[in-house]
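Heads up: the structure comes next, in structure tokens.
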Amino acid sequence: VDAIPVMMPALSSTMKEGKISSWLVGVGDKVDAGDMLLVVESDKADMDVESFEDGYVAKILVGEGETADVGAPVAIIVENEADIASVSAGSGAPAAAAAPAAAAPAAAPASDVDAIPVMMPALSSTMKEGKISSWLVGVGDKVDAGDMLLVVESDKADMDVESFEDGYVAKILVGEGETADVGAPVAIIVENEADIASVSAGSGAPAAAAAPAAAAPAAAPASDVDAIPVM
């Protein structure tokens with residue numbers, strides 16, 4: 001059985017846990033990559049969380065109105081509809097993987113600037129690096145949480161990557177057509193427009209944090225299940 005845990009994502013650099021406002025799918029529902037699964041309430045905003053895999057919702061581990069730590073599994077998706085029953089009958093949650101890199105602020109390029117690195121996300125369970133197909137924003141642009149920043153080409157599909165913070169694009173670290181490892185910074189956002197110049201003039205990349213949880217398989221919910229974490 002290919003069981004794919006859906007993890008609580010980090011919607012901001014300060015988020016430690018998220019509250020599920022609502023589920024947009026139910027057990028048994030078929031989902032495709034890009035479908036919205038749930039709405040998460042963080043310390044800054046409510047955001048829709050999408051699936052990066054095709055499959056069927058086998059189990060919801062965290063209900064509406066409940067909270068989960070960043071990186072903790074909140075649901076399980078299976079590739080085959082016939083596997084729903086076996087997962088539903090199991091004990092449930094795969095072991096929570098380490099919190100995604102976005103949950104821990106990376107080193108700022110200047111001590112007096114609040115710089116927010118944009119990380120290369122894991123768009124599939126097998127993705128180790130991603131290629132930037134195109135940037136949808138440029139240096140100096142104002143972005144809001146939910147705005148699409150770039151298009152990433154992975155080993156499975158092209159996906160738009162959105163911002164989880166409000167701010168201004170201060171520096172693009174990885175250009176179009178270039179690749180970056182999962183969890184590596186590809187751009188820097190600053191909260192204040194006045195800080196763009198100091199970041200642009202700096203040496204650039206914040207220290208790369210550990211790769212997000214989605215890059216490493218989590219423990220399976222049952223001994224015969226191949227668990228694949230998905231952000």
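If you're wondering about the labels, chains in the structure tokens are A, B, ... by order shown, residues count from 1 in each chain, ligands from 1 in order shown.
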
task = For stretch 187-191 of chain A, list every protein, DNA or RNA residue within 6 Å, evaluated using only C-alpha atoms, and leave out those in the same chain fewer than 3 positions away; present the list as a ChimeraX atom specification.
result = /A:114-118,167-173

Any idea what's packed within 8 Å of A:Asp32, counting only C-alpha atoms, ignoring anything in its chain fewer than 4 positions away? Could you give it as a VMD selection string? chain A and resid 51 to 55

Prev. selection, N, CA and C atoms, output as a compact mmCIF listing (two decimals), in the first residue's frame:
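What follows is the written file again22.txt:
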# COMPACT_ATOMS: atom_id res chain seq x y z
N SER A 51 -2.85 19.44 -2.53
CA SER A 51 -2.19 18.13 -2.64
C SER A 51 -1.11 18.20 -3.71
N PHE A 52 0.00 17.53 -3.46
CA PHE A 52 1.05 17.42 -4.46
C PHE A 52 1.07 16.02 -5.09
N GLU A 53 0.09 15.20 -4.74
CA GLU A 53 0.01 13.84 -5.25
C GLU A 53 -1.41 13.55 -5.72
N ASP A 54 -1.55 12.59 -6.62
CA ASP A 54 -2.86 12.04 -7.00
C ASP A 54 -3.18 10.87 -6.08
N GLY A 55 -4.45 10.69 -5.75
CA GLY A 55 -4.83 9.55 -4.92
C GLY A 55 -6.21 9.71 -4.33

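Of note, atom CA of A:Lys19 and atom CA of A:Ser154 are spaced 29.2 Å apart.
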
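Nearest to A:Val49 of all the residues A:Thr179, A:Thr67, A:Ser133, A:Ser22 is A:Ser22, based on only C-alpha atoms.
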
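Interatomic distance, atom CA of A:Val139 to atom CA of A:Asp166: 14.3 Å.
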
Shell around A:Gly65 at 10 Å using only C-alpha atoms, local window under 5 positions removed, as a short mmCIF file (atom, residue, chain, number, x, y, z; two decimals) with N, CA and C atoms, in the first residue's frame:
data_model
loop_
_atom_site.label_atom_id
_atom_site.label_comp_id
_atom_site.auth_asym_id
_atom_site.auth_seq_id
_atom_site.Cartn_x
_atom_site.Cartn_y
_atom_site.Cartn_z
N GLY A 18 -0.59 24.83 13.42
CA GLY A 18 -1.70 25.38 12.65
C GLY A 18 -3.00 24.76 13.08
N LYS A 19 -4.06 25.53 12.96
CA LYS A 19 -5.42 25.06 13.29
C LYS A 19 -6.17 24.81 11.98
N ILE A 20 -6.81 23.65 11.89
CA ILE A 20 -7.56 23.33 10.68
C ILE A 20 -8.93 24.00 10.76
N SER A 21 -9.14 24.97 9.89
CA SER A 21 -10.43 25.67 9.86
C SER A 21 -11.50 24.78 9.23
N SER A 22 -11.14 24.14 8.12
CA SER A 22 -12.12 23.26 7.46
C SER A 22 -11.41 22.30 6.52
N TRP A 23 -12.01 21.14 6.36
CA TRP A 23 -11.58 20.18 5.34
C TRP A 23 -12.42 20.40 4.10
N VAL A 40 -6.10 26.03 6.52
CA VAL A 40 -5.33 26.09 7.77
C VAL A 40 -5.28 27.53 8.26
N GLU A 41 -5.54 27.70 9.54
CA GLU A 41 -5.44 29.01 10.20
C GLU A 41 -4.12 29.06 10.94
#

Selected residue of minimal separation from A:Pro121 among A:Glu64, A:Val137, A:Glu193, A:Pro185, counting only C-alpha atoms |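 Of A:Glu64, A:Val137, A:Glu193, A:Pro185, the one nearest A:Pro121, counting only C-alpha atoms, is A:Pro185.
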
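Closest approach to A:Glu162 among A:Ala197, A:Val57, A:Val143, A:Ile4: A:Val143, based on only C-alpha atoms.
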
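Proximity ranking of A:Leu24, A:Ala10, A:Val70, A:Val31 relative to A:Ala45 places A:Ala10 first, based on only C-alpha atoms.
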
Close residues, stretch 175-177 of chain A itself excluded, 7 Å, only C-alpha atoms, min 6 positions apart in chain, as a list of chain:residue names:
A:Lys131, A:Ile132, A:Ser133, A:Ser134, A:Trp135

Only N, CA and C atoms, please: the residues just picked out, written as a PDB file, in the first residue's frame.
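Below you can see again14.pdb, which holds the result:
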ATOM      1  N   LYS A 131      13.877  22.673 -10.752  1.00  0.00           N
ATOM      2  CA  LYS A 131      14.355  23.639 -11.735  1.00  0.00           C
ATOM      3  C   LYS A 131      13.338  24.764 -11.834  1.00  0.00           C
ATOM      4  N   ILE A 132      13.820  25.985 -11.790  1.00  0.00           N
ATOM      5  CA  ILE A 132      12.925  27.140 -11.874  1.00  0.00           C
ATOM      6  C   ILE A 132      12.608  27.407 -13.340  1.00  0.00           C
ATOM      7  N   SER A 133      11.343  27.163 -13.706  1.00  0.00           N
ATOM      8  CA  SER A 133      10.905  27.414 -15.080  1.00  0.00           C
ATOM      9  C   SER A 133      10.783  28.907 -15.339  1.00  0.00           C
ATOM     10  N   SER A 134      10.173  29.620 -14.403  1.00  0.00           N
ATOM     11  CA  SER A 134      10.020  31.064 -14.577  1.00  0.00           C
ATOM     12  C   SER A 134       9.745  31.739 -13.245  1.00  0.00           C
ATOM     13  N   TRP A 135      10.179  32.974 -13.141  1.00  0.00           N
ATOM     14  CA  TRP A 135       9.824  33.825 -12.011  1.00  0.00           C
ATOM     15  C   TRP A 135       8.612  34.666 -12.404  1.00  0.00           C
TER      16      TRP A 135
END
